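Listing of work_22.csv; format and content: CSV, N, CA and C atoms.
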```
chain,number,residue,atom,x,y,z
U,28,MET,N,32.0,40.6,3.4
U,28,MET,CA,33.1,40.7,4.4
U,28,MET,C,33.6,42.2,4.3
U,29,ILE,N,34.0,42.7,5.5
U,29,ILE,CA,34.6,44.0,5.6
U,29,ILE,C,36.0,43.7,6.1
U,30,ARG,N,37.0,44.3,5.5
U,30,ARG,CA,38.4,44.2,5.9
U,30,ARG,C,39.1,45.5,5.9
U,31,LEU,N,39.7,45.9,7.0
U,31,LEU,CA,40.5,47.0,7.1
U,31,LEU,C,42.0,46.5,7.3
U,32,HIS,N,42.9,47.0,6.5
U,32,HIS,CA,44.3,46.6,6.6
U,32,HIS,C,45.2,47.8,6.8
U,33,SER,N,45.7,47.9,8.0
U,33,SER,CA,46.7,49.0,8.3
U,33,SER,C,46.1,50.4,7.9
U,34,VAL,N,44.9,50.6,8.3
U,34,VAL,CA,44.2,51.9,7.9
U,34,VAL,C,44.6,53.0,8.9
U,35,SER,N,45.0,54.1,8.4
U,35,SER,CA,45.2,55.3,9.2
U,35,SER,C,44.5,56.5,8.5
U,36,LYS,N,44.1,57.4,9.3
U,36,LYS,CA,43.4,58.6,8.8
U,36,LYS,C,43.9,59.8,9.6
U,37,ARG,N,44.4,60.8,8.9
U,37,ARG,CA,44.8,62.1,9.5
U,37,ARG,C,44.1,63.2,8.8
U,38,TYR,N,43.6,64.1,9.6
U,38,TYR,CA,42.9,65.3,9.0
U,38,TYR,C,43.9,66.4,8.8
U,39,PRO,N,43.5,67.4,8.1
U,39,PRO,CA,44.4,68.6,7.9
U,39,PRO,C,44.8,69.2,9.3
U,40,GLY,N,46.0,69.6,9.4
U,40,GLY,CA,46.5,70.1,10.7
U,40,GLY,C,47.1,69.0,11.5
U,41,GLY,N,47.1,67.8,11.0
U,41,GLY,CA,47.8,66.7,11.6
U,41,GLY,C,47.0,65.9,12.7
U,42,GLN,N,45.7,66.2,12.9
U,42,GLN,CA,44.9,65.5,13.8
U,42,GLN,C,44.7,64.1,13.3
U,43,ARG,N,45.0,63.1,14.2
U,43,ARG,CA,44.9,61.7,13.9
U,43,ARG,C,43.6,61.1,14.4
U,44,ALA,N,42.9,60.5,13.5
U,44,ALA,CA,41.6,59.9,13.9
U,44,ALA,C,41.8,58.4,14.1
U,45,LEU,N,42.5,57.8,13.2
U,45,LEU,CA,42.8,56.3,13.2
U,45,LEU,C,44.3,56.1,13.0
U,46,SER,N,44.8,55.1,13.6
U,46,SER,CA,46.2,54.8,13.4
U,46,SER,C,46.4,53.3,13.3
U,47,ASP,N,46.8,52.8,12.1
U,47,ASP,CA,47.1,51.5,11.8
U,47,ASP,C,46.1,50.4,12.3
U,48,VAL,N,44.8,50.6,11.9
U,48,VAL,CA,43.7,49.8,12.3
U,48,VAL,C,43.6,48.6,11.3
U,49,THR,N,43.6,47.4,11.8
U,49,THR,CA,43.4,46.2,11.0
U,49,THR,C,42.4,45.3,11.7
U,50,PHE,N,41.3,44.9,10.9
U,50,PHE,CA,40.4,43.9,11.4
U,50,PHE,C,39.5,43.4,10.3
U,51,ASP,N,38.8,42.3,10.5
U,51,ASP,CA,37.9,41.7,9.6
U,51,ASP,C,36.6,41.5,10.2
U,52,VAL,N,35.5,41.6,9.4
U,52,VAL,CA,34.2,41.3,9.8
U,52,VAL,C,33.6,40.4,8.8
U,53,ALA,N,33.3,39.2,9.2
U,53,ALA,CA,32.7,38.2,8.2
U,53,ALA,C,31.3,38.5,7.9
U,54,ARG,N,30.8,38.1,6.8
U,54,ARG,CA,29.4,38.3,6.4
U,54,ARG,C,28.5,37.6,7.4
U,55,GLY,N,27.5,38.4,7.9
U,55,GLY,CA,26.6,37.9,8.9
U,55,GLY,C,27.1,38.1,10.3
U,56,GLN,N,28.3,38.5,10.5
U,56,GLN,CA,28.8,38.7,11.8
U,56,GLN,C,28.3,40.0,12.4
U,57,PHE,N,27.9,40.0,13.7
U,57,PHE,CA,27.4,41.2,14.4
U,57,PHE,C,28.5,41.8,15.1
U,58,VAL,N,28.7,43.1,14.9
U,58,VAL,CA,29.8,43.8,15.5
U,58,VAL,C,29.3,45.1,16.2
U,59,ILE,N,29.8,45.4,17.4
U,59,ILE,CA,29.4,46.6,18.1
U,59,ILE,C,30.7,47.5,18.1
U,60,LEU,N,30.5,48.7,17.8
U,60,LEU,CA,31.7,49.7,17.8
U,60,LEU,C,31.5,50.6,18.9
U,61,THR,N,32.4,50.6,19.9
U,61,THR,CA,32.3,51.4,21.1
U,61,THR,C,33.6,52.2,21.3
U,62,GLY,N,33.6,53.2,22.0
U,62,GLY,CA,34.8,54.0,22.4
U,62,GLY,C,34.4,55.4,22.9
U,63,ALA,N,35.4,56.0,23.4
U,63,ALA,CA,35.2,57.3,24.0
U,63,ALA,C,35.0,58.3,22.8
U,64,SER,N,34.4,59.5,23.2
U,64,SER,CA,34.3,60.6,22.2
U,64,SER,C,35.6,60.9,21.6
U,65,GLY,N,35.7,61.0,20.3
U,65,GLY,CA,36.9,61.3,19.6
U,65,GLY,C,37.8,60.2,19.4
U,66,ALA,N,37.3,58.9,19.6
U,66,ALA,CA,38.2,57.7,19.4
U,66,ALA,C,38.3,57.3,17.9
U,67,GLY,N,37.4,57.8,17.1
U,67,GLY,CA,37.5,57.5,15.7
U,67,GLY,C,36.3,56.6,15.1
U,68,LYS,N,35.3,56.4,15.9
U,68,LYS,CA,34.2,55.6,15.5
U,68,LYS,C,33.5,56.1,14.3
U,69,THR,N,33.1,57.4,14.2
U,69,THR,CA,32.5,57.9,13.1
U,69,THR,C,33.4,58.0,11.9
U,70,THR,N,34.7,58.3,12.1
U,70,THR,CA,35.6,58.2,11.0
U,70,THR,C,35.7,56.8,10.4
U,71,LEU,N,35.7,55.8,11.2
U,71,LEU,CA,35.8,54.5,10.7
U,71,LEU,C,34.5,54.2,9.8
U,72,LEU,N,33.4,54.5,10.3
U,72,LEU,CA,32.1,54.3,9.5
U,72,LEU,C,32.2,55.1,8.2
U,73,ARG,N,32.6,56.3,8.2
U,73,ARG,CA,32.7,57.1,7.0
U,73,ARG,C,33.7,56.5,6.0
U,74,LEU,N,34.7,55.8,6.5
U,74,LEU,CA,35.6,55.2,5.6
U,74,LEU,C,34.9,54.0,4.9
U,75,LEU,N,34.1,53.3,5.7
U,75,LEU,CA,33.4,52.1,5.1
U,75,LEU,C,32.5,52.4,4.0
U,76,TYR,N,31.7,53.5,4.1
U,76,TYR,CA,30.8,53.9,3.0
U,76,TYR,C,31.4,55.0,2.1
U,77,ARG,N,32.6,55.2,2.2
U,77,ARG,CA,33.4,56.1,1.3
U,77,ARG,C,33.0,57.6,1.3
U,78,GLU,N,32.6,58.0,2.5
U,78,GLU,CA,32.4,59.4,2.7
U,78,GLU,C,33.8,60.1,2.8
U,79,GLU,N,34.7,59.3,3.3
U,79,GLU,CA,36.1,59.8,3.4
U,79,GLU,C,37.0,58.7,2.9
U,80,LEU,N,38.3,59.1,2.6
U,80,LEU,CA,39.3,58.2,2.1
U,80,LEU,C,40.4,58.0,3.2
U,81,PRO,N,41.0,56.8,3.3
U,81,PRO,CA,42.0,56.7,4.3
U,81,PRO,C,43.3,57.4,3.9
U,82,THR,N,44.1,57.9,4.8
U,82,THR,CA,45.4,58.5,4.5
U,82,THR,C,46.3,57.4,4.1
U,83,SER,N,46.2,56.2,4.7
U,83,SER,CA,47.0,55.0,4.3
U,83,SER,C,46.2,53.8,4.6
U,84,GLY,N,46.6,52.7,4.0
U,84,GLY,CA,46.0,51.4,4.2
U,84,GLY,C,44.8,51.1,3.2
U,85,GLN,N,44.2,50.0,3.4
U,85,GLN,CA,43.1,49.6,2.5
U,85,GLN,C,41.8,49.3,3.3
U,86,VAL,N,40.7,49.8,2.7
U,86,VAL,CA,39.4,49.4,3.2
U,86,VAL,C,38.7,48.6,2.1
U,87,LEU,N,38.4,47.3,2.5
U,87,LEU,CA,37.8,46.4,1.5
U,87,LEU,C,36.4,46.1,2.0
U,88,VAL,N,35.4,46.2,1.1
U,88,VAL,CA,34.0,45.8,1.4
U,88,VAL,C,33.6,44.9,0.3
U,89,ALA,N,33.2,43.7,0.7
U,89,ALA,CA,32.8,42.6,-0.3
U,89,ALA,C,33.9,42.4,-1.3
U,90,GLY,N,35.2,42.5,-0.8
U,90,GLY,CA,36.3,42.2,-1.7
U,90,GLY,C,36.8,43.4,-2.6
U,91,ARG,N,36.1,44.5,-2.5
U,91,ARG,CA,36.4,45.6,-3.3
U,91,ARG,C,37.1,46.7,-2.5
U,92,ASN,N,38.2,47.3,-3.0
U,92,ASN,CA,38.9,48.4,-2.4
U,92,ASN,C,38.0,49.6,-2.5
U,93,VAL,N,37.4,50.1,-1.4
U,93,VAL,CA,36.5,51.2,-1.4
U,93,VAL,C,37.2,52.5,-1.9
U,94,GLY,N,38.5,52.6,-1.5
U,94,GLY,CA,39.2,53.8,-1.9
U,94,GLY,C,39.5,53.9,-3.4
U,95,ALA,N,39.5,52.8,-4.0
U,95,ALA,CA,39.8,52.8,-5.5
U,95,ALA,C,38.5,52.8,-6.3
U,96,LEU,N,37.3,52.8,-5.7
U,96,LEU,CA,36.1,52.9,-6.5
U,96,LEU,C,35.9,54.2,-7.2
U,97,PRO,N,35.5,54.2,-8.4
U,97,PRO,CA,35.1,55.4,-9.1
U,97,PRO,C,33.9,56.1,-8.4
U,98,ALA,N,33.8,57.4,-8.4
U,98,ALA,CA,32.7,58.1,-7.7
U,98,ALA,C,31.3,57.6,-8.2
U,99,ARG,N,31.2,57.2,-9.4
U,99,ARG,CA,29.9,56.8,-9.9
U,99,ARG,C,29.4,55.5,-9.3
U,100,LYS,N,30.3,54.7,-8.7
U,100,LYS,CA,30.0,53.4,-8.1
U,100,LYS,C,29.7,53.5,-6.6
U,101,VAL,N,30.0,54.6,-6.1
U,101,VAL,CA,29.8,54.8,-4.6
U,101,VAL,C,28.3,54.6,-4.2
U,102,PRO,N,27.3,55.2,-4.9
U,102,PRO,CA,25.9,54.9,-4.5
U,102,PRO,C,25.6,53.4,-4.5
U,103,PHE,N,26.1,52.6,-5.4
U,103,PHE,CA,25.8,51.2,-5.4
U,103,PHE,C,26.4,50.6,-4.2
U,104,LEU,N,27.6,51.0,-3.8
U,104,LEU,CA,28.3,50.4,-2.6
U,104,LEU,C,27.4,50.7,-1.4
U,105,ARG,N,26.9,52.0,-1.3
U,105,ARG,CA,26.2,52.4,-0.1
U,105,ARG,C,24.8,51.6,0.0
U,106,ARG,N,24.2,51.3,-1.1
U,106,ARG,CA,23.0,50.6,-1.1
U,106,ARG,C,23.2,49.1,-0.7
U,107,ASN,N,24.4,48.6,-0.9
U,107,ASN,CA,24.6,47.2,-0.7
U,107,ASN,C,25.4,46.8,0.6
U,108,ILE,N,25.7,47.8,1.4
U,108,ILE,CA,26.4,47.5,2.6
U,108,ILE,C,25.5,46.9,3.6
```

Would you mind giving the structure from this file in structure tokens?
Amino acid sequence: MIRLHSVSKRYPGGQRALSDVTFDVARGQFVILTGASGAGKTTLLRLLYREELPTSGQVLVAGRNVGALPARKVPFLRRNI
């Protein structure tokens, strides 16, 4: 399961990529991510595989808080998404 709870992401300079995003994706569920250029699609994906960290909120993948994972466990996360 993937769960985002009140996730926001701001870049230096104040540029907002995501604002208070909350949703769940169940195991085996098929999801399509669409939106205009600059809507935050790539940022959302980078948060899921911990290329970036959220400014606020929680990103949970398989019940684990991705933002709290030690750097040494990130490769395992990426192999198992």

Item to complete: Between atom N of Ala44 of chain U and atom N of Leu72 of chain U, measure the distance and give it in Å to one decimal.
Response: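 If I compute the distance from atom N of Ala44 of chain U to atom N of Leu72 of chain U, I get 11.7 Å.
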
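Pairwise distance (atom CA of Leu31 of chain U, atom CA of Val86 of chain U) equals 4.7 Å.
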
Worksheet item: Which residue out of U:Leu87, U:Ile29, U:Leu104, U:Ala66 has the minimum interatomic distance to Asp51 of chain U when all atoms listed in the file are used?
Response: U:Ile29

Worksheet item: If you count only C-alpha atoms, which residues fall within 10 Å of Arg43 of chain U, apart from same-chain ones fewer than 3 positions away, as an NGL selection string?
Response: :U and (35-40 or 46 or 65-67 or 82)

Can you write just those residues out, N, CA and C atoms, as an mmCIF file, keeping the file's coordinate frame?
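Contents of part_33.cif, as written:
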```cif
data_model
loop_
_atom_site.group_PDB
_atom_site.id
_atom_site.type_symbol
_atom_site.label_atom_id
_atom_site.label_comp_id
_atom_site.auth_asym_id
_atom_site.auth_seq_id
_atom_site.Cartn_x
_atom_site.Cartn_y
_atom_site.Cartn_z
ATOM 1 N N SER U 35 45.000 54.100 8.400
ATOM 2 C CA SER U 35 45.200 55.300 9.200
ATOM 3 C C SER U 35 44.500 56.500 8.500
ATOM 4 N N LYS U 36 44.100 57.400 9.300
ATOM 5 C CA LYS U 36 43.400 58.600 8.800
ATOM 6 C C LYS U 36 43.900 59.800 9.600
ATOM 7 N N ARG U 37 44.400 60.800 8.900
ATOM 8 C CA ARG U 37 44.800 62.100 9.500
ATOM 9 C C ARG U 37 44.100 63.200 8.800
ATOM 10 N N TYR U 38 43.600 64.100 9.600
ATOM 11 C CA TYR U 38 42.900 65.300 9.000
ATOM 12 C C TYR U 38 43.900 66.400 8.800
ATOM 13 N N PRO U 39 43.500 67.400 8.100
ATOM 14 C CA PRO U 39 44.400 68.600 7.900
ATOM 15 C C PRO U 39 44.800 69.200 9.300
ATOM 16 N N GLY U 40 46.000 69.600 9.400
ATOM 17 C CA GLY U 40 46.500 70.100 10.700
ATOM 18 C C GLY U 40 47.100 69.000 11.500
ATOM 19 N N SER U 46 44.800 55.100 13.600
ATOM 20 C CA SER U 46 46.200 54.800 13.400
ATOM 21 C C SER U 46 46.400 53.300 13.300
ATOM 22 N N GLY U 65 35.700 61.000 20.300
ATOM 23 C CA GLY U 65 36.900 61.300 19.600
ATOM 24 C C GLY U 65 37.800 60.200 19.400
ATOM 25 N N ALA U 66 37.300 58.900 19.600
ATOM 26 C CA ALA U 66 38.200 57.700 19.400
ATOM 27 C C ALA U 66 38.300 57.300 17.900
ATOM 28 N N GLY U 67 37.400 57.800 17.100
ATOM 29 C CA GLY U 67 37.500 57.500 15.700
ATOM 30 C C GLY U 67 36.300 56.600 15.100
ATOM 31 N N THR U 82 44.100 57.900 4.800
ATOM 32 C CA THR U 82 45.400 58.500 4.500
ATOM 33 C C THR U 82 46.300 57.400 4.100
#
```

Item to complete: Determine the nearest neighbour of Met28 of chain U from the options U:Gly62, U:Gly41, U:Pro81, U:Gly90, counting all atoms listed in the file.
Response: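 Among the listed residues, the smallest separation from Met28 of chain U belongs to U:Gly90.
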